[in-house]
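What's in structure_15.tsv: TSV, C-alpha atoms
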chain	number	residue	atom	x	y	z
A	1	MET	CA	-2.94	-9.17	-41.10
A	2	ASP	CA	-0.32	-11.46	-42.65
A	3	GLN	CA	-0.98	-14.97	-43.97
A	4	SER	CA	-0.11	-16.73	-40.72
A	5	ASP	CA	-2.39	-14.39	-38.77
A	6	GLY	CA	-5.17	-15.21	-41.22
A	7	ARG	CA	-4.71	-18.95	-40.65
A	8	GLU	CA	-4.78	-18.50	-36.88
A	9	HIS	CA	-7.95	-16.44	-37.15
A	10	ALA	CA	-9.58	-19.04	-39.40
A	11	ARG	CA	-8.97	-21.76	-36.82
A	12	GLY	CA	-11.06	-19.75	-34.36
A	13	LEU	CA	-14.13	-19.52	-36.60
A	14	SER	CA	-17.17	-21.08	-34.98
A	15	GLN	CA	-19.15	-21.82	-38.15
A	16	ASP	CA	-18.43	-24.99	-40.11
A	17	PRO	CA	-19.37	-24.27	-43.77
A	18	HIS	CA	-19.82	-28.01	-44.47
A	19	ARG	CA	-22.02	-28.84	-41.49
A	20	LEU	CA	-25.68	-29.64	-42.02
A	21	ARG	CA	-28.34	-28.65	-39.53
A	22	ASP	CA	-29.29	-31.67	-37.47
A	23	SER	CA	-31.46	-32.45	-34.45
A	24	THR	CA	-29.42	-30.08	-32.25
A	25	GLU	CA	-30.19	-27.09	-34.47
A	26	LYS	CA	-33.77	-27.17	-35.72
A	27	VAL	CA	-34.52	-24.80	-38.59
A	28	LEU	CA	-37.80	-23.63	-37.04
A	29	GLU	CA	-36.27	-22.84	-33.66
A	30	VAL	CA	-33.43	-20.92	-35.29
A	31	ALA	CA	-35.87	-18.92	-37.44
A	32	ILE	CA	-37.99	-18.01	-34.42
A	33	GLY	CA	-34.93	-17.03	-32.41
A	34	ARG	CA	-33.67	-14.72	-35.14
A	35	GLU	CA	-37.02	-12.98	-35.37
A	36	VAL	CA	-37.28	-12.50	-31.61
A	37	ARG	CA	-33.79	-10.97	-31.54
A	38	ALA	CA	-34.53	-8.76	-34.56
A	39	PHE	CA	-37.77	-7.39	-33.09
A	40	ARG	CA	-36.08	-6.83	-29.74
A	41	HIS	CA	-33.34	-4.80	-31.42
A	42	GLN	CA	-35.92	-2.81	-33.40
A	43	HIS	CA	-37.52	-1.78	-30.09
A	44	GLY	CA	-34.13	-0.91	-28.57
A	45	MET	CA	-34.69	-3.46	-25.83
A	46	THR	CA	-32.10	-5.45	-23.94
A	47	VAL	CA	-32.64	-9.08	-23.00
A	48	ALA	CA	-33.33	-7.88	-19.46
A	49	ASP	CA	-35.98	-5.44	-20.75
A	50	LEU	CA	-37.76	-8.18	-22.68
A	51	ALA	CA	-37.51	-10.55	-19.72
A	52	ALA	CA	-39.22	-7.97	-17.52
A	53	GLY	CA	-41.97	-7.49	-20.10
A	54	THR	CA	-42.69	-11.19	-20.53
A	55	GLY	CA	-42.00	-12.71	-17.14
A	56	LEU	CA	-39.42	-15.01	-18.71
A	57	SER	CA	-35.89	-15.32	-17.40
A	58	SER	CA	-32.97	-13.78	-19.28
A	59	GLY	CA	-31.46	-17.25	-19.60
A	60	MET	CA	-34.62	-18.60	-21.22
A	61	LEU	CA	-34.72	-15.67	-23.66
A	62	SER	CA	-31.09	-16.24	-24.63
A	63	LYS	CA	-31.85	-19.89	-25.36
A	64	ILE	CA	-34.84	-18.90	-27.49
A	65	GLU	CA	-32.87	-16.29	-29.46
A	66	ASN	CA	-30.06	-18.78	-30.08
A	67	GLY	CA	-32.50	-21.42	-31.32
A	68	ASN	CA	-31.59	-23.84	-28.54
A	69	ILE	CA	-35.12	-24.59	-27.36
A	70	SER	CA	-38.61	-24.81	-28.83
A	71	PRO	CA	-40.78	-22.18	-27.12
A	72	SER	CA	-44.38	-23.03	-26.27
A	73	LEU	CA	-47.32	-21.15	-27.80
A	74	THR	CA	-47.86	-19.46	-24.45
A	75	THR	CA	-44.28	-18.21	-24.45
A	76	LEU	CA	-44.55	-17.04	-28.05
A	77	GLN	CA	-47.76	-15.16	-27.26
A	78	ALA	CA	-46.06	-13.43	-24.33
A	79	LEU	CA	-43.18	-12.43	-26.60
A	80	ALA	CA	-45.56	-11.21	-29.30
A	81	ASN	CA	-47.44	-9.04	-26.78
A	82	ALA	CA	-44.23	-7.55	-25.36
A	83	LEU	CA	-42.84	-6.82	-28.83
A	84	SER	CA	-46.18	-5.58	-30.27
A	85	VAL	CA	-46.12	-7.98	-33.23
A	86	PRO	CA	-48.52	-10.72	-34.33
A	87	LEU	CA	-47.53	-14.21	-33.21
A	88	THR	CA	-47.20	-15.27	-36.86
A	89	ALA	CA	-44.35	-12.76	-37.33
A	90	PHE	CA	-41.98	-15.17	-35.61
A	91	PHE	CA	-42.46	-17.73	-38.41
A	92	ARG	CA	-41.71	-15.34	-41.28
A	93	ARG	CA	-38.20	-16.57	-42.07
A	94	PHE	CA	-39.12	-20.22	-41.67
A	95	GLU	CA	-41.75	-19.82	-44.39
A	96	GLU	CA	-39.55	-17.83	-46.80
A	97	ARG	CA	-38.44	-19.40	-50.06
A	98	ARG	CA	-34.76	-20.28	-50.29
A	99	GLU	CA	-33.44	-19.25	-53.68
A	100	ALA	CA	-30.38	-19.87	-55.80
A	101	VAL	CA	-29.31	-18.01	-58.94
A	102	HIS	CA	-27.37	-19.80	-61.68
A	103	THR	CA	-25.76	-17.39	-64.14
A	104	LYS	CA	-24.36	-19.05	-67.25
A	105	ALA	CA	-21.11	-17.81	-68.76
A	106	GLY	CA	-21.71	-14.55	-70.60
A	107	ASP	CA	-25.21	-14.08	-69.15
A	108	GLY	CA	-24.34	-11.69	-66.32
A	109	VAL	CA	-26.10	-8.32	-66.22
A	110	GLU	CA	-23.96	-5.41	-67.38
A	111	THR	CA	-24.33	-2.66	-64.82
A	112	GLU	CA	-22.85	0.51	-63.41
A	113	ARG	CA	-22.56	0.74	-59.64
A	114	ALA	CA	-22.76	4.07	-57.85
A	115	GLY	CA	-19.30	5.62	-58.00
A	116	THR	CA	-18.15	3.51	-60.95
A	117	ARG	CA	-15.21	5.09	-62.75
A	118	ALA	CA	-14.70	5.33	-66.50
A	119	GLY	CA	-13.55	2.08	-68.07
A	120	HIS	CA	-14.48	-0.13	-65.11
A	121	HIS	CA	-16.64	-2.83	-66.64
A	122	TYR	CA	-19.03	-4.41	-64.08
A	123	THR	CA	-20.99	-7.61	-64.64
A	124	LEU	CA	-23.44	-8.53	-61.88
A	125	LEU	CA	-23.28	-12.33	-61.52
A	126	GLY	CA	-26.38	-12.86	-59.41
A	127	HIS	CA	-28.84	-11.26	-57.01
A	128	LEU	CA	-31.31	-12.78	-54.55
A	129	GLU	CA	-34.57	-10.88	-54.13
A	130	ALA	CA	-35.48	-12.84	-50.99
A	131	SER	CA	-33.04	-14.24	-48.47
A	132	SER	CA	-33.08	-15.22	-44.81
A	133	ALA	CA	-29.77	-13.42	-44.28
A	134	ASP	CA	-29.52	-9.99	-42.67
A	135	VAL	CA	-27.07	-8.90	-45.36
A	136	ILE	CA	-27.21	-8.30	-49.11
A	137	VAL	CA	-24.41	-9.90	-51.12
A	138	GLU	CA	-23.54	-8.69	-54.63
A	139	PRO	CA	-20.99	-10.66	-56.70
A	140	TYR	CA	-19.39	-8.82	-59.63
A	141	LEU	CA	-16.94	-9.69	-62.37
A	142	ILE	CA	-14.86	-6.55	-62.99
A	143	THR	CA	-12.71	-5.93	-66.05
A	144	LEU	CA	-10.20	-3.07	-66.24
A	145	SER	CA	-8.93	-1.97	-69.64
A	146	GLU	CA	-6.39	0.54	-70.91
A	147	ASP	CA	-9.04	3.24	-70.69
A	148	SER	CA	-9.90	2.60	-67.06
A	149	ASP	CA	-9.67	5.46	-64.60
A	150	ARG	CA	-6.77	4.69	-62.25
A	151	PHE	CA	-7.83	6.81	-59.30
A	152	PRO	CA	-9.31	5.08	-56.21
A	153	ALA	CA	-12.65	6.67	-55.43
A	154	PHE	CA	-14.87	3.96	-54.00
A	155	GLN	CA	-16.29	4.14	-50.49
A	156	HIS	CA	-19.42	2.36	-49.32
A	157	GLU	CA	-20.81	0.42	-46.37
A	158	GLY	CA	-20.14	-3.24	-45.74
A	159	VAL	CA	-17.20	-5.48	-46.55
A	160	GLU	CA	-15.70	-6.48	-49.88
A	161	THR	CA	-13.63	-9.42	-51.07
A	162	ILE	CA	-11.57	-9.30	-54.26
A	163	TYR	CA	-10.21	-12.41	-55.97
A	164	MET	CA	-7.78	-11.68	-58.78
A	165	LEU	CA	-8.28	-13.69	-61.99
A	166	ALA	CA	-6.00	-12.08	-64.55
A	167	GLY	CA	-3.59	-9.17	-64.90
A	168	ILE	CA	-1.82	-7.29	-62.12
A	169	VAL	CA	-3.25	-4.32	-60.22
A	170	GLU	CA	-1.91	-2.21	-57.38
A	171	TYR	CA	-5.01	-1.74	-55.25
A	172	ARG	CA	-5.32	0.92	-52.59
A	173	HIS	CA	-7.22	0.53	-49.33
A	174	GLY	CA	-6.95	3.53	-47.04
A	175	ASP	CA	-3.23	4.29	-46.63
A	176	ALA	CA	-2.01	0.90	-47.86
A	177	VAL	CA	-1.40	-0.35	-51.41
A	178	TYR	CA	-1.52	-4.06	-52.28
A	179	ARG	CA	-0.10	-5.65	-55.43
A	180	LEU	CA	-2.73	-8.13	-56.60
A	181	CYS	CA	-1.70	-10.94	-58.95
A	182	PRO	CA	-3.80	-13.85	-60.27
A	183	GLY	CA	-4.91	-16.00	-57.32
A	184	ASP	CA	-4.50	-13.21	-54.76
A	185	THR	CA	-7.35	-12.25	-52.43
A	186	LEU	CA	-8.02	-8.94	-50.66
A	187	HIS	CA	-10.75	-8.79	-48.01
A	188	PHE	CA	-11.46	-5.39	-46.47
A	189	ASP	CA	-13.75	-2.91	-44.76
A	190	ALA	CA	-15.34	-1.05	-47.68
A	191	ASP	CA	-15.99	2.10	-45.64
A	192	ALA	CA	-12.37	3.15	-46.28
A	193	ARG	CA	-11.53	4.70	-49.65
A	194	HIS	CA	-10.40	1.96	-52.00
A	195	GLY	CA	-9.85	1.11	-55.63
A	196	PRO	CA	-7.23	0.25	-58.28
A	197	GLU	CA	-4.41	2.77	-58.19
A	198	THR	CA	-1.93	1.42	-60.75
A	199	LEU	CA	-2.85	-0.94	-63.58
A	200	VAL	CA	0.38	-2.91	-63.98
A	201	ASP	CA	-0.65	-5.66	-66.42
A	202	LEU	CA	-3.80	-5.32	-68.54
A	203	PRO	CA	-6.45	-6.35	-69.16
A	204	ALA	CA	-7.12	-7.10	-65.50
A	205	ARG	CA	-10.10	-9.14	-64.29
A	206	TYR	CA	-11.21	-9.92	-60.76
A	207	LEU	CA	-14.23	-11.09	-58.80
A	208	SER	CA	-15.58	-8.59	-56.31
A	209	VAL	CA	-18.07	-9.77	-53.68
A	210	ILE	CA	-19.68	-6.96	-51.68
A	211	ALA	CA	-21.76	-7.60	-48.55
A	212	TYR	CA	-23.66	-4.93	-46.66
A	213	PRO	CA	-26.56	-4.78	-44.16
A	214	ARG	CA	-30.07	-5.25	-45.50
A	215	PRO	CA	-32.03	-1.99	-45.09
A	216	SER	CA	-34.52	-2.26	-42.24
Is it possible to express this structure as structure tokens?
Amino acid sequence: MDQSDGREHARGLSQDPHRLRDSTEKVLEVAIGREVRAFRHQHGMTVADLAAGTGLSSGMLSKIENGNISPSLTTLQALANALSVPLTAFFRRFEERREAVHTKAGDGVETERAGTRAGHHYTLLGHLEASSADVIVEPYLITLSEDSDRFPAFQHEGVETIYMLAGIVEYRHGDAVYRLCPGDTLHFDADARHGPETLVDLPARYLSVIAYPRPS
């Protein structure tokens, strides 16, 4: 995808990162809807299956799962019975703590990720133990030195975004190689083999943000 394609795609994004939830998107309704959808998926049920088991219409269930309406206690009890969960399970995410992690300069945790190559210096910049999201996000500051292994050998689930801070690296993703300079970004499917192939200007430093599904 070239830069113009990226701009066109961005215009089609439905989520506004600066928008606050207001009266049209109640936090409680959204939390309940997410839980209903999650439990339905865990049971391998379609919306039609759940509708048949509760006596609710498919349209009503879609509205509940999307957080568009506030279901009555009677409706929630019917859903709980059909999904074999306690009624209180639907409020789990609403009651969760919302956390933030502030990592001061130099205070990141030095770590080695699975598959880390020699000379790749990883600093984990933050980690949330509890989150309402269905994904885990791990931000790293990576430093490559003269001794770094140049062979791409990373392959893991999820997606990854690299933002180049210093130095120049030729970074491989699958069959393609990208020359990353300060200010460049590479966003990719991490299931393909990837990693720095040629270290052009060292030391090289970049932010790597990895997101992958939370284990069920």
message: List as a VMD selection string the protein and nucleic acid residues near Ala52 in chain A, meaning an atom at most 12 Å away when all atoms listed in the file are counted, but skip any in the same chain fewer than 4 places from it.
response: chain A and resid 45 to 48 56 to 58 61 78 to 79 82 to 83
Please produce a file of the residues just selected, as an mmCIF file, in the frame of the given file, where the atoms kept are C-alpha atoms.
data_model
loop_
_atom_site.group_PDB
_atom_site.id
_atom_site.type_symbol
_atom_site.label_atom_id
_atom_site.label_comp_id
_atom_site.auth_asym_id
_atom_site.auth_seq_id
_atom_site.Cartn_x
_atom_site.Cartn_y
_atom_site.Cartn_z
ATOM 1 C CA MET A 45 -34.690 -3.460 -25.830
ATOM 2 C CA THR A 46 -32.100 -5.450 -23.940
ATOM 3 C CA VAL A 47 -32.640 -9.080 -23.000
ATOM 4 C CA ALA A 48 -33.330 -7.880 -19.460
ATOM 5 C CA LEU A 56 -39.420 -15.010 -18.710
ATOM 6 C CA SER A 57 -35.890 -15.320 -17.400
ATOM 7 C CA SER A 58 -32.970 -13.780 -19.280
ATOM 8 C CA LEU A 61 -34.720 -15.670 -23.660
ATOM 9 C CA ALA A 78 -46.060 -13.430 -24.330
ATOM 10 C CA LEU A 79 -43.180 -12.430 -26.600
ATOM 11 C CA ALA A 82 -44.230 -7.550 -25.360
ATOM 12 C CA LEU A 83 -42.840 -6.820 -28.830
#
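Each of A:Ile142, A:Leu87, A:Ala31, A:Ala190 was compared to Leu124 in chain A using all atoms listed in the file, and A:Ile142 turns out to be the nearest.
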Selected residue, from A:Arg92, A:Ala176, A:Pro215, A:Asn66, that lies nearest to Asp134 in chain A when counting all atoms listed in the file: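 Result for the nearest residue to Asp134 in chain A: A:Pro215.
For the pair CA of Gly67 in chain A and CA of Val36 in chain A, the separation is 10.1 Å.
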message: List the spatial neighbours of Ala204 in chain A as a VMD selection string - criterion: any atom at most 9 Å away, all atoms listed in the file, same-chain residues fewer than 5 positions off excluded.
response: chain A and resid 142 to 145 164 to 169 199
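From CA of Arg37 in chain A back to CA of Leu50 in chain A, the distance works out to 10.1 Å.
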task: Up to 8 Å from (-6.5, -17.9, -54.4) in the file's coordinates: name the residues, counting all atoms listed in the file, as a list in words.
output: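 Every polymer residue passing the test: Tyr163, Met164, Pro182, Gly183, Asp184 and Thr185 of chain A.
With all atoms listed in the file as the basis for measurement, A:Ser72 is the residue among A:Pro86, A:Glu35, A:Asp175, A:Ser72 that approaches Met60 in chain A most closely.
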message: Between CA of Ile64 in chain A and CA of Gly33 in chain A, what distance in Å does the model show, to one decimal?
response: 5.3 Å
For Ile32 in chain A, the nearest of the candidates A:Thr161, A:Thr198, A:Asn81, A:Ser70, counting only C-alpha atoms: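 The answer is A:Ser70, which sits nearest to Ile32 in chain A.
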